[in-house]
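A.B. asks: Input start32.cif, format and content: mmCIF, C-alpha atoms.
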```
data_model
#
loop_
_atom_site.label_atom_id
_atom_site.label_comp_id
_atom_site.auth_asym_id
_atom_site.auth_seq_id
_atom_site.Cartn_x
_atom_site.Cartn_y
_atom_site.Cartn_z
CA MET A 281 0.00 0.00 0.00
CA LYS A 282 2.76 2.45 0.98
CA LYS A 283 4.67 1.63 -2.22
CA ILE A 284 1.62 2.28 -4.37
CA GLN A 285 1.11 5.63 -2.70
CA PHE A 286 4.71 6.54 -3.28
CA LEU A 287 4.34 5.64 -6.95
CA ILE A 288 1.22 7.76 -7.28
CA ILE A 289 3.04 10.73 -5.75
CA CYS A 290 5.97 10.25 -8.12
CA LEU A 291 3.69 10.10 -11.17
CA LEU A 292 1.80 13.19 -10.12
CA THR A 293 4.98 15.13 -9.49
CA ILE A 294 6.15 14.32 -12.99
CA THR A 295 2.88 15.43 -14.58
CA PHE A 296 2.78 18.60 -12.52
CA SER A 297 6.36 19.58 -13.21
CA SER A 298 5.62 20.77 -16.74
CA CYS A 299 5.41 24.43 -15.80
CA GLU A 300 6.69 27.23 -17.98
CA LYS A 301 8.01 30.68 -17.31
CA ASP A 302 5.48 33.27 -18.36
CA ASP A 303 6.40 36.64 -16.86
CA ILE A 304 8.74 37.89 -19.61
CA CYS A 305 7.48 38.79 -23.07
CA GLU A 306 9.96 36.92 -25.22
CA ALA A 307 11.38 38.52 -28.34
CA THR A 308 10.27 35.54 -30.42
CA THR A 309 6.61 36.17 -29.56
CA ALA A 310 4.69 37.76 -32.41
CA THR A 311 3.48 41.12 -31.11
CA THR A 312 2.40 44.30 -32.92
CA PRO A 313 3.78 43.97 -36.46
CA LYS A 314 5.72 46.74 -38.17
CA LEU A 315 4.92 47.80 -41.72
CA ILE A 316 7.32 46.13 -44.16
CA ILE A 317 8.11 48.22 -47.24
CA GLU A 318 10.21 47.03 -50.17
CA PHE A 319 11.68 49.37 -52.76
CA TYR A 320 11.74 48.52 -56.47
CA ASP A 321 13.19 50.13 -59.58
CA ILE A 322 10.48 51.97 -61.55
CA LEU A 323 12.36 51.31 -64.82
CA ASN A 324 12.76 47.64 -64.07
CA PRO A 325 9.81 46.78 -61.77
CA THR A 326 10.97 43.28 -60.88
CA VAL A 327 14.34 44.45 -59.56
CA LYS A 328 14.76 45.65 -55.98
CA LYS A 329 16.43 49.02 -55.56
CA ASN A 330 18.38 50.23 -52.53
CA VAL A 331 17.52 53.55 -50.94
CA THR A 332 20.20 56.05 -49.96
CA ASN A 333 19.88 58.13 -46.83
CA LEU A 334 16.15 57.71 -46.65
CA ALA A 335 14.82 59.52 -43.59
CA ILE A 336 11.34 58.57 -42.48
CA LYS A 337 9.63 60.81 -39.97
CA GLU A 338 6.12 60.69 -38.64
CA ILE A 339 4.78 64.23 -39.10
CA ASN A 340 4.02 64.74 -35.39
CA THR A 341 7.27 63.15 -34.18
CA THR A 342 10.63 64.86 -34.08
CA ALA A 343 12.85 61.80 -34.38
CA SER A 344 13.37 60.14 -37.72
CA LEU A 345 14.39 56.69 -38.85
CA THR A 346 17.14 56.54 -41.46
CA PHE A 347 17.83 53.76 -43.90
CA THR A 348 20.58 53.47 -46.44
CA GLY A 349 21.86 50.72 -48.71
CA THR A 350 18.79 48.56 -48.21
CA SER A 351 15.72 47.77 -50.26
CA LYS A 352 13.58 46.51 -47.38
CA ILE A 353 12.58 48.58 -44.35
CA GLN A 354 10.34 48.26 -41.30
CA ILE A 355 8.41 51.19 -39.85
CA PRO A 356 5.89 51.22 -37.01
CA LEU A 357 2.25 52.25 -37.39
CA ARG A 358 0.35 54.18 -34.75
CA THR A 359 -1.72 51.87 -32.53
CA SER A 360 -3.82 54.70 -31.10
CA GLN A 361 -5.37 55.94 -34.34
CA ASP A 362 -6.49 54.62 -37.73
CA LEU A 363 -3.89 56.48 -39.77
CA THR A 364 -0.16 57.20 -39.71
CA GLN A 365 1.30 60.09 -41.71
CA TYR A 366 4.94 59.72 -42.69
CA SER A 367 7.31 62.01 -44.45
CA PHE A 368 9.72 60.11 -46.73
CA ILE A 369 12.89 62.11 -47.45
CA LEU A 370 15.25 60.59 -49.98
CA ASN A 371 18.91 61.73 -49.95
CA SER A 372 18.13 63.46 -46.66
CA THR A 373 21.78 64.27 -45.91
CA ASP A 374 22.25 66.46 -49.00
CA ILE A 375 19.94 69.51 -49.09
CA THR A 376 20.66 70.11 -52.79
CA ILE A 377 19.19 66.85 -53.99
CA ASP A 378 16.87 65.83 -51.14
CA ASN A 379 13.24 65.19 -51.98
CA GLU A 380 10.39 64.90 -49.49
CA ASP A 381 7.07 63.16 -50.13
CA TYR A 382 4.23 62.58 -47.70
CA LEU A 383 2.68 59.16 -47.46
CA GLN A 384 -0.32 58.57 -45.25
CA PHE A 385 -1.44 55.01 -44.43
CA ASN A 386 -5.10 54.40 -43.64
CA TYR A 387 -6.15 51.24 -41.83
CA THR A 388 -8.40 49.68 -39.25
CA ARG A 389 -7.00 48.13 -36.08
CA GLN A 390 -7.60 44.88 -34.26
CA ASN A 391 -6.32 44.44 -30.70
CA LEU A 392 -5.58 40.78 -30.02
CA PHE A 393 -4.64 39.07 -26.77
CA VAL A 394 -1.13 37.60 -26.75
CA SER A 395 -0.23 36.55 -23.19
CA ARG A 396 0.02 37.69 -19.59
CA ALA A 397 3.56 39.00 -20.12
CA CYS A 398 3.03 40.64 -23.51
CA GLY A 399 -0.50 41.90 -23.06
CA PHE A 400 -2.17 42.67 -26.36
CA LYS A 401 -0.93 43.36 -29.87
CA THR A 402 -2.42 45.36 -32.71
CA ASN A 403 -2.92 43.95 -36.18
CA PHE A 404 -3.73 46.36 -39.00
CA ILE A 405 -5.92 46.00 -42.07
CA PHE A 406 -5.41 48.54 -44.85
CA ASP A 407 -8.45 50.54 -45.83
CA SER A 408 -9.73 48.79 -48.96
CA SER A 409 -10.73 51.95 -50.85
CA ALA A 410 -7.87 54.29 -49.87
CA PRO A 411 -5.04 52.37 -48.23
CA PHE A 412 -2.59 55.24 -48.74
CA VAL A 413 -2.55 58.91 -49.72
CA LYS A 414 0.54 60.36 -51.40
CA THR A 415 0.94 64.13 -51.19
CA GLU A 416 3.61 66.63 -52.21
CA THR A 417 5.26 68.98 -49.74
CA SER A 418 5.18 72.78 -50.09
CA ILE A 419 8.36 72.59 -52.20
CA PRO A 420 7.22 71.60 -55.72
CA ASP A 421 10.13 69.35 -56.56
CA GLY A 422 8.03 66.51 -57.92
CA TYR A 423 7.48 63.07 -56.42
CA TRP A 424 10.43 60.78 -55.95
CA ILE A 425 7.96 58.01 -55.12
CA GLN A 426 6.63 57.04 -58.53
CA ASN A 427 4.24 54.28 -57.58
CA VAL A 428 2.92 52.61 -54.43
CA VAL A 429 1.41 49.12 -54.49
CA ILE A 430 -0.25 47.39 -51.54
CA ASN A 431 1.08 43.86 -51.57
CA THR A 432 -0.75 42.59 -48.47
CA PHE A 433 -3.81 44.30 -47.01
CA ASN A 434 -3.64 42.35 -43.78
CA ILE A 435 -0.70 43.42 -41.62
CA ALA A 436 -0.42 40.56 -39.17
CA THR A 437 3.18 39.36 -39.45
CA GLU A 438 6.56 40.81 -40.31
CA ASN A 439 7.41 37.88 -42.59
CA GLU A 440 5.87 39.36 -45.71
CA THR A 441 6.12 42.60 -47.64
CA HIS A 442 3.06 44.77 -47.14
CA VAL A 443 3.89 47.72 -49.40
CA LYS A 444 5.98 48.01 -52.56
CA ILE A 445 7.34 51.42 -53.51
CA TYR A 446 8.71 52.07 -57.00
CA PHE A 447 11.14 54.91 -57.60
CA MET B 53 12.64 -32.48 -0.28
CA LYS B 54 13.99 -29.08 0.68
CA HIS B 55 11.03 -27.33 -0.96
CA MET B 56 8.67 -29.60 0.83
CA SER B 57 10.09 -28.77 4.22
CA LYS B 58 9.99 -25.05 3.42
CA PHE B 59 6.33 -25.39 2.50
CA THR B 60 5.34 -27.30 5.60
CA SER B 61 7.33 -25.04 7.88
CA SER B 62 5.70 -21.96 6.43
CA ILE B 63 2.27 -23.56 6.84
CA LEU B 64 3.14 -24.28 10.44
CA LEU B 65 4.28 -20.70 10.92
CA ILE B 66 1.01 -19.33 9.56
CA LEU B 67 -0.98 -21.71 11.71
CA THR B 68 0.89 -20.73 14.85
CA SER B 69 0.41 -17.09 14.03
CA PHE B 70 -3.31 -17.77 13.83
CA PHE B 71 -3.13 -19.38 17.21
CA VAL B 72 -1.42 -16.35 18.63
CA ILE B 73 -4.03 -13.98 17.19
CA GLY B 74 -6.78 -16.26 18.42
CA GLN B 75 -5.32 -16.32 21.85
CA THR B 76 -4.83 -12.59 22.10
CA LYS B 77 -8.46 -12.06 21.26
CA LYS B 78 -9.48 -14.39 23.99
CA THR B 79 -7.21 -12.91 26.61
CA ASP B 80 -8.36 -9.37 25.72
CA SER B 81 -5.07 -7.92 26.86
CA ILE B 82 -4.55 -5.63 23.84
CA PRO B 83 -5.02 -1.98 24.71
CA THR B 84 -7.92 -0.58 22.71
CA LYS B 85 -8.22 2.88 21.30
CA ILE B 86 -11.40 4.82 20.94
CA GLU B 87 -11.76 6.28 17.44
CA LYS B 88 -14.22 9.09 17.04
CA TYR B 89 -15.94 9.62 13.74
CA GLY B 90 -17.68 12.78 12.64
CA ILE B 91 -17.80 15.86 10.56
CA ARG B 92 -15.24 18.64 10.68
CA PHE B 93 -16.18 21.99 9.16
CA GLY B 94 -14.64 25.42 9.09
CA ALA B 95 -13.31 28.21 6.93
CA ASP B 96 -10.09 29.38 5.34
CA ILE B 97 -8.82 32.22 7.53
CA SER B 98 -6.20 33.38 5.04
CA LYS B 99 -8.88 34.33 2.52
CA ILE B 100 -10.88 36.17 5.17
CA ALA B 101 -7.75 38.01 6.30
CA GLN B 102 -6.78 38.91 2.74
CA SER B 103 -10.27 40.31 2.18
CA PHE B 104 -9.50 42.84 4.90
CA TYR B 105 -6.03 44.01 3.94
CA ASP B 106 -6.16 43.63 0.15
CA LYS B 107 -8.53 46.08 -1.52
CA ASN B 108 -8.42 44.02 -4.72
CA TYR B 109 -9.56 40.79 -3.07
CA LYS B 110 -12.80 39.50 -1.58
CA GLY B 111 -12.96 35.80 -0.89
CA ILE B 112 -14.27 33.11 1.38
CA GLU B 113 -13.76 29.36 1.49
CA PHE B 114 -15.63 26.84 3.61
CA VAL B 115 -13.82 23.58 4.33
CA GLY B 116 -15.13 20.30 5.56
CA ASP B 117 -14.29 16.66 5.93
CA TYR B 118 -16.03 13.51 7.05
CA ARG B 119 -14.17 10.56 8.46
CA VAL B 120 -15.13 7.48 6.46
CA THR B 121 -12.60 4.91 7.65
CA LYS B 122 -9.74 5.00 10.12
CA ASN B 123 -7.44 6.89 7.75
CA TYR B 124 -9.64 8.08 4.91
CA TYR B 125 -11.65 11.27 5.02
CA LEU B 126 -14.14 12.55 2.48
CA ALA B 127 -13.11 16.17 2.05
CA GLY B 128 -14.17 19.26 0.19
CA GLU B 129 -14.07 23.01 -0.14
CA LEU B 130 -16.68 25.50 -1.30
CA GLY B 131 -15.66 29.04 -2.04
CA ASN B 132 -16.27 32.32 -3.74
CA GLU B 133 -13.65 34.79 -4.93
CA ASN B 134 -13.67 38.25 -6.44
CA THR B 135 -10.21 39.47 -7.28
CA THR B 136 -8.69 42.21 -9.40
CA VAL B 137 -5.25 41.45 -10.78
CA GLU B 138 -3.03 44.43 -11.61
CA ASP B 139 -0.34 43.06 -13.87
CA ASP B 140 2.22 45.09 -15.80
CA ARG B 141 0.33 44.87 -19.02
CA LEU B 142 -3.13 43.76 -17.97
CA ASN B 143 -5.73 44.66 -15.39
CA PHE B 144 -8.66 42.30 -14.99
CA THR B 145 -11.26 41.17 -12.46
CA THR B 146 -12.25 37.55 -11.91
CA GLN B 147 -15.44 36.66 -10.03
CA GLY B 148 -16.78 33.21 -9.36
CA THR B 149 -17.69 30.23 -7.24
CA TYR B 150 -15.92 26.91 -6.91
CA LEU B 151 -16.38 23.50 -5.40
CA LYS B 152 -13.72 20.89 -4.66
CA VAL B 153 -14.45 17.33 -3.59
CA GLY B 154 -12.14 14.44 -2.88
CA PHE B 155 -10.45 12.56 -0.11
CA ASP B 156 -7.65 12.91 2.40
CA TYR B 157 -5.51 10.02 3.55
CA ASN B 158 -4.11 10.48 7.05
CA SER B 159 -0.61 9.08 7.35
CA TYR B 160 -0.15 10.24 10.94
CA GLU B 161 -0.49 7.60 13.62
CA ASN B 162 -2.39 9.20 16.49
CA TRP B 163 -2.24 7.91 20.01
CA LEU B 164 -5.16 8.18 22.40
CA ASP B 165 -8.27 9.56 20.81
CA MET B 166 -6.71 12.35 18.79
CA ARG B 167 -7.48 13.18 15.23
CA ASN B 168 -4.39 15.15 14.21
CA MET B 169 -3.49 14.67 10.60
CA ILE B 170 -0.56 14.76 8.25
CA TYR B 171 -2.38 13.96 5.12
CA LEU B 172 -2.20 13.49 1.41
CA GLY B 173 -5.31 13.96 -0.64
CA MET B 174 -6.82 14.56 -3.99
CA ARG B 175 -9.57 16.84 -5.17
CA TYR B 176 -11.67 17.33 -8.24
CA GLY B 177 -12.33 21.03 -8.60
CA ALA B 178 -14.84 22.93 -10.70
CA SER B 179 -15.48 26.62 -11.01
CA THR B 180 -17.93 28.89 -12.80
CA PHE B 181 -16.82 32.47 -13.14
CA SER B 182 -16.64 35.64 -15.17
CA GLN B 183 -13.67 37.71 -16.32
CA THR B 184 -13.75 41.47 -16.79
CA LEU B 185 -10.90 42.93 -18.79
CA ASN B 186 -10.48 46.39 -17.24
CA SER B 187 -7.53 47.69 -19.23
CA TYR B 188 -4.55 46.48 -21.21
CA LYS B 189 -1.38 47.68 -22.89
CA LEU B 190 -0.37 47.05 -26.47
CA TYR B 191 3.02 45.46 -26.90
CA ASN B 192 5.18 47.16 -29.48
CA THR B 193 8.75 46.16 -30.27
CA SER B 194 9.30 49.55 -31.87
CA THR B 195 10.12 52.42 -29.55
CA TYR B 196 9.70 55.09 -32.22
CA PHE B 197 6.34 56.19 -30.88
CA PRO B 198 6.00 56.78 -27.14
CA GLU B 199 4.22 53.87 -25.51
CA ALA B 200 0.50 54.29 -25.89
CA PRO B 201 -1.46 54.63 -22.64
CA SER B 202 -3.41 51.61 -21.39
CA VAL B 203 -6.47 50.83 -23.44
CA ILE B 204 -9.60 50.92 -21.28
CA SER B 205 -11.75 47.94 -22.18
CA GLY B 206 -14.32 46.98 -19.54
CA GLU B 207 -15.35 43.95 -21.59
CA LYS B 208 -16.97 41.24 -19.47
CA TYR B 209 -16.85 37.54 -20.32
CA ASN B 210 -19.58 35.56 -18.57
CA GLY B 211 -20.34 31.87 -18.17
CA LEU B 212 -16.78 30.59 -18.08
CA THR B 213 -16.03 27.20 -16.51
CA SER B 214 -12.95 25.23 -15.55
CA GLN B 215 -12.29 21.81 -14.08
CA TRP B 216 -9.10 20.59 -12.52
CA ILE B 217 -7.48 18.07 -10.20
CA GLU B 218 -5.49 18.87 -7.10
CA VAL B 219 -2.97 16.97 -5.05
CA VAL B 220 -3.16 18.12 -1.46
CA LEU B 221 -0.50 17.88 1.20
CA GLY B 222 -1.49 19.17 4.59
CA LEU B 223 -1.70 18.94 8.30
CA LYS B 224 -4.36 19.52 10.91
CA ALA B 225 -3.77 19.86 14.61
CA GLU B 226 -6.21 20.06 17.51
CA ILE B 227 -5.44 23.30 19.34
CA LEU B 228 -8.48 23.35 21.61
CA LYS B 229 -10.97 20.61 22.26
CA ASN B 230 -12.53 19.82 18.89
CA ILE B 231 -11.04 22.97 17.31
CA TYR B 232 -8.49 22.31 14.57
CA LEU B 233 -5.97 24.50 12.84
CA GLY B 234 -5.01 23.30 9.39
CA PHE B 235 -2.62 24.14 6.61
CA SER B 236 -2.43 22.65 3.16
CA ILE B 237 -0.61 23.22 -0.09
CA ARG B 238 -2.10 22.15 -3.37
CA MET B 239 -0.74 21.39 -6.78
CA ASN B 240 -3.35 21.87 -9.45
CA ARG B 241 -3.64 20.80 -13.04
CA LEU B 242 -6.38 21.96 -15.37
CA LEU B 243 -8.53 19.39 -17.12
CA THR B 244 -10.93 21.62 -19.02
CA ASN B 245 -10.96 25.37 -19.39
CA THR B 246 -13.37 27.45 -21.48
CA LYS B 247 -11.40 30.51 -22.47
CA PRO B 248 -12.98 33.82 -23.38
CA ASP B 249 -12.69 35.03 -26.94
CA ASN B 250 -9.57 37.19 -27.37
CA PHE B 251 -8.58 36.84 -23.70
CA ASP B 252 -7.49 34.09 -21.32
CA ASN B 253 -8.33 32.78 -17.87
CA LEU B 254 -5.28 34.14 -16.09
CA TYR B 255 -6.94 33.59 -12.73
CA ILE B 256 -9.57 30.98 -11.90
CA PRO B 257 -11.46 31.07 -8.58
CA GLY B 258 -10.27 28.12 -6.48
CA PHE B 259 -7.47 27.32 -8.87
CA ASN B 260 -5.57 30.60 -8.50
CA ARG B 261 -3.19 32.09 -11.04
CA THR B 262 -2.79 30.04 -14.17
CA TYR B 263 0.50 29.41 -15.90
CA ASN B 264 1.17 28.52 -19.52
CA GLY B 265 1.31 24.79 -18.87
CA ASP B 266 -2.12 24.22 -17.17
CA PHE B 267 -0.29 24.11 -13.86
CA GLY B 268 -1.26 25.94 -10.69
CA ILE B 269 -0.53 26.09 -7.00
CA GLY B 270 -2.68 26.93 -4.01
CA PHE B 271 -2.82 26.79 -0.26
CA ASN B 272 -5.18 27.33 2.63
CA TYR B 273 -5.09 27.97 6.36
CA SER B 274 -8.22 26.66 7.98
CA VAL B 275 -9.86 26.74 11.35
CA SER B 276 -12.44 24.02 11.79
CA TYR B 277 -14.67 22.44 14.37
CA PHE B 278 -15.00 18.69 14.80
CA LEU B 279 -18.48 17.41 15.48
CA PRO B 280 -18.24 13.81 16.78
CA LEU B 281 -21.02 11.53 15.55
CA TYR B 282 -20.04 8.03 16.69
CA LYS B 283 -17.18 6.06 18.23
CA THR B 284 -15.47 2.78 17.52
CA LYS B 285 -12.90 0.80 19.42
CA SER B 286 -9.89 -0.32 17.48
CA ILE B 287 -6.78 -2.34 18.20
CA LYS B 288 -3.58 -0.38 18.03
CA LYS B 289 -1.82 -0.95 14.73
CA SER B 290 1.60 -1.24 16.36
CA ASP B 291 0.38 -4.11 18.55
CA LYS B 292 -1.07 -5.92 15.58
CA LYS B 293 2.32 -5.84 13.90
CA LYS B 294 4.10 -7.19 16.94
CA LYS B 295 1.89 -10.23 17.19
CA LYS B 296 2.34 -11.15 13.55
#
```
Please rewrite the model in this file as C-alpha cells.

C.D. replies:
Amino acid sequence: MKKIQFLIICLLTITFSSCEKDDICEATTATTPKLIIEFYDILNPTVKKNVTNLAIKEINTTASLTFTGTSKIQIPLRTSQDLTQYSFILNSTDITIDNEDYLQFNYTRQNLFVSRACGFKTNFIFDSSAPFVKTETSIPDGYWIQNVVINTFNIATENETHVKIYF
Amino acid sequence: MKHMSKFTSSILLILTSFFVIGQTKKTDSIPTKIEKYGIRFGADISKIAQSFYDKNYKGIEFVGDYRVTKNYYLAGELGNENTTVEDDRLNFTTQGTYLKVGFDYNSYENWLDMRNMIYLGMRYGASTFSQTLNSYKLYNTSTYFPEAPSVISGEKYNGLTSQWIEVVLGLKAEILKNIYLGFSIRMNRLLTNTKPDNFDNLYIPGFNRTYNGDFGIGFNYSVSYFLPLYKTKSIKKSDKKKKK
C-alpha cells in the first residue's frame, strides 16, 4: 500500500512539473507587427532598388528613422489611431538633392490578446478603398515616389512585404 | 525435499500465528483505542484576512471533511472569490464560485483519541466564473512612438467554466478541544478550461493564477470544528504488527 502511494506521488509530481516561465514577453513572440516596405526600380519593376539616406519621420514626431543601402525597411504604425502620416525624405543628408514626399497610411486596427507577459498586440488592415494617400510637400520638386502598391492588405506578421514602392 | 520442508514449515508458521491472534483475542489484553468519527467543518482564515487588507480581493472558502474509515476522510471546499489582478500589461477582475471534492488520507499515527493529521489527498475542482478585462497595454517592439497609454476595455466575459485536479498535502492539529488548525498546499492541473474570446483565464477562482502549462498552485489555512457523531474501538496498529 505504501509503495503504491509513493508511486502515485511520483507520477503526479512528474505530470505537474511541466510548468513554464510566463512573466517575460519573449522577443520571439509575435506582437504588434511593423509595416514592411520594399523598394523597387520603376524602370525595371521586378528588380529591388536600394535607398540612400532615406529619412522617415512621422509628421508629429521629431525623431526620424534613417535607412541606407537597403531595399527593405520596417516602420511602425500608430496603434492609437487609424492612420499614420509619414514624411519620406530621400537623400536626406544632402539639401541640394533631397526630396520629401508625404505618405499617409489608412487602416483599421484589431487588438488581439497575446499573453500575460506581452499583453495585447495590434494587427492592422489597410483601408480597402484608400489604403494610402501620397501628397507633395510645399516645395514643388516633384514626387520621388513614382508608384505605391499594396502587396498585403492584412498586416499581421513581419514575414511578408506589405507595401511596394517604386522609384 | 527441501522445498517440501519449506512449505510445511511456512504452513506451520502461519498456523501458529493464527493461534497467537486467536489467543490474544481471547485474553483481551490488547489496549484498545477509541476512534471518534464525525464531521469537521470550518473556513479558510487566510482568505478572510486577505479580504481585509487587500482592496483588490474578496474571498471566502468553507472547508469540511467527514471521516469514512480510520485513515480516509471525504473532504471538500466550497468558495467564492472576487479578485482584481493588476499586472504590468493587464488589469482584470475575476469573479466566481468553486467547489472541490475528494479525499484525504491520514498518514499520521495518532495515540489516544486524537485526530491530528498529516495527510495526502486529492480533489476534483470545478469553477464557474466571469472575467472582466479592465484595461490592457499594447506590446510594441518599436520604440519610435512613445508607448500608448493603457487601453480601457471593460469587456466582461460571462459563463466561463474550468475543471481541474489537485494533489493536497497538509496537516491539521487540535489546538483546543474539537477545534483544529489546518494548513495545506495544493498542486493543481487543469482538465478543461473554457477561455474567453480574445482573452485568457489568467486567474480561476479556487485554482488561483494560471501558468502557460495548465499548472497551478494553491494553499489554505483553515480553522475548523469537529463534530463527533459516533465512536469505535480499534486495536492499536503497532500491537497488531508485533503479534504477527

A.B. asks: What are the residues of chain B that have an atom within 8 Å of an atom of chain A, counting only C-alpha atoms, as a list of chain:residue names?

C.D. replies: B:Asp139, B:Asp140, B:Arg141, B:Leu142, B:Tyr188, B:Lys189, B:Leu190, B:Tyr191, B:Asn192, B:Thr193, B:Ser194, B:Tyr196, B:Phe197, B:Ala200, B:Val219, B:Met239, B:Asn240, B:Arg241, B:Asn250, B:Phe251, B:Asp252, B:Leu254, B:Tyr263, B:Asn264, B:Gly265, B:Asp266, B:Phe267

A.B. asks: Just want the 8 Å neighbourhood of B:Gly111, counted on all atoms listed in the file, with same-chain residues fewer than 5 positions away dropped. Output as a list in words.

C.D. replies: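 Neighbouring residues, sequence-local ones excluded: Lys99, Ile100, Gln102, Ser103, Gly131, Asn132, Glu133, Asn134 and Thr135 of chain B.
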
A.B. asks: Mind checking which residues fall within 9 Å of B:Ile269, counting all atoms listed in the file, ignoring those fewer than 3 positions away in the same chain, and posting them as a ChimeraX atom specification?

C.D. replies: /B:218,237-241,259-262

A.B. asks: Residues within 7 Å of A:Tyr366, please, as a PDB file with C-alpha atoms, keeping the file's coordinate frame. Count only C-alpha atoms; anything in the same chain fewer than 6 positions from it doesn't count.

C.D. replies:
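Printed below is around-v6.pdb as written:
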```pdb
ATOM      1  CA  ILE A 336      11.340  58.570 -42.480  1.00  0.00           C
ATOM      2  CA  LYS A 337       9.630  60.810 -39.970  1.00  0.00           C
ATOM      3  CA  GLU A 338       6.120  60.690 -38.640  1.00  0.00           C
ATOM      4  CA  ILE A 339       4.780  64.230 -39.100  1.00  0.00           C
ATOM      5  CA  TYR A 382       4.230  62.580 -47.700  1.00  0.00           C
ATOM      6  CA  LEU A 383       2.680  59.160 -47.460  1.00  0.00           C
ATOM      7  CA  GLN A 384      -0.320  58.570 -45.250  1.00  0.00           C
TER       8      GLN A 384
END
```

A.B. asks: Can you measure atom CA of B:Gly94 to atom CA of B:Ile231 for me? One decimal in Å is fine.

C.D. replies: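 Going from atom CA of B:Gly94 over to atom CA of B:Ile231, I get 9.3 Å.
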
A.B. asks: Could you please determine the separation between atom CA of B:Phe271 and atom CA of B:Asn168 in Å, to one decimal place?

C.D. replies: 18.6 Å

A.B. asks: Could you tell me how far atom CA of B:Trp216 sits from atom CA of B:Arg175, in Å to one decimal place?

C.D. replies: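 These atoms are spaced 8.3 Å apart.
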
A.B. asks: Identify the residues around (-19.3, 32.4, -11.2) within a radius of 10 Å, measuring from all atoms listed in the file in the coordinates stated by the file, and give them as a ChimeraX atom specification.

C.D. replies: /B:132-134,146-150,179-183,210-213,256-257

A.B. asks: Once the PyMOL selection byres ((chain A and resi 403) around 6) has been evaluated on this model, what residues remain selected, and can you format them as a ChimeraX atom specification?

C.D. replies: /A:389-390,402,404,435-436

A.B. asks: Take the residues just selected and output them with C-alpha atoms as a PDB file, in the coordinates of the input.

C.D. replies:
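Output file out.pdb follows:
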```pdb
ATOM      1  CA  ARG A 389      -7.000  48.130 -36.080  1.00  0.00           C
ATOM      2  CA  GLN A 390      -7.600  44.880 -34.260  1.00  0.00           C
ATOM      3  CA  THR A 402      -2.420  45.360 -32.710  1.00  0.00           C
ATOM      4  CA  PHE A 404      -3.730  46.360 -39.000  1.00  0.00           C
ATOM      5  CA  ILE A 435      -0.700  43.420 -41.620  1.00  0.00           C
ATOM      6  CA  ALA A 436      -0.420  40.560 -39.170  1.00  0.00           C
TER       7      ALA A 436
END
```

A.B. asks: I'd like the neighbourhood of B:Ser98 as number ranges by chain, where a residue qualifies if any of its atoms comes within 12 Å (using only C-alpha atoms), though same-chain residues fewer than 3 positions away should be ignored.

C.D. replies: B: 95, 101-106, 109-114, 233-236, 270-275

A.B. asks: List the neighbours of stretch 415-425 of chain A out to 12 Å using all atoms listed in the file; skip same-chain residues closer than 4 positions along the sequence, and give me the result as a ChimeraX atom specification.

C.D. replies: /A:319-322,331,334,339,365-371,376-385,429,444-447

A.B. asks: Looking at B:Leu185, B:Ile204, B:Leu130, B:Ala178, which one is nearest to B:Asp249, with distances taken over all atoms listed in the file?

C.D. replies: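 For B:Asp249, the nearest of the candidates is B:Leu185.
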
A.B. asks: Looking at A:Thr364, A:Ile316, A:Ile304, A:Ile353, which one is nearest to A:Asn439, with distances taken over all atoms listed in the file?

C.D. replies: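 Once distances to A:Asn439 are computed over all atoms listed in the file, the minimum belongs to A:Ile316.
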
A.B. asks: Since I can't run it myself right now, could you work out what the PyMOL selection byres ((chain A and resi 442) around 7) selects here and report it as a list in words?

C.D. replies: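 Against this file, the PyMOL selection byres ((chain A and resi 442) around 7) returns the residues Leu315, Ile316, Ile317, Ile430, Asn431, Thr432, Phe433, Ile435, Glu440, Thr441, Val443 and Lys444 of chain A.
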
A.B. asks: Let me make sure I understand: among A:Asn333, A:Thr388, A:Phe406, A:Phe412, which one has the smallest atom-to-atom distance to A:Ile375 if we use all atoms listed in the file?

C.D. replies: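 Among the listed residues, the smallest separation from A:Ile375 belongs to A:Asn333.
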
A.B. asks: The PyMOL selection byres ((chain B and resi 118-126) around 6) - which residues does that actually catch in the file I just gave you? List them as a short mmCIF file (atom, residue, chain, number, x, y, z; two decimals) with C-alpha atoms, in the coordinates of the input.

C.D. replies:
```
data_model
loop_
_atom_site.label_atom_id
_atom_site.label_comp_id
_atom_site.auth_asym_id
_atom_site.auth_seq_id
_atom_site.Cartn_x
_atom_site.Cartn_y
_atom_site.Cartn_z
CA TYR B 89 -15.94 9.62 13.74
CA GLY B 90 -17.68 12.78 12.64
CA ILE B 91 -17.80 15.86 10.56
CA ASP B 117 -14.29 16.66 5.93
CA ALA B 127 -13.11 16.17 2.05
CA PHE B 155 -10.45 12.56 -0.11
CA ASP B 156 -7.65 12.91 2.40
CA TYR B 157 -5.51 10.02 3.55
CA ASN B 158 -4.11 10.48 7.05
#
```
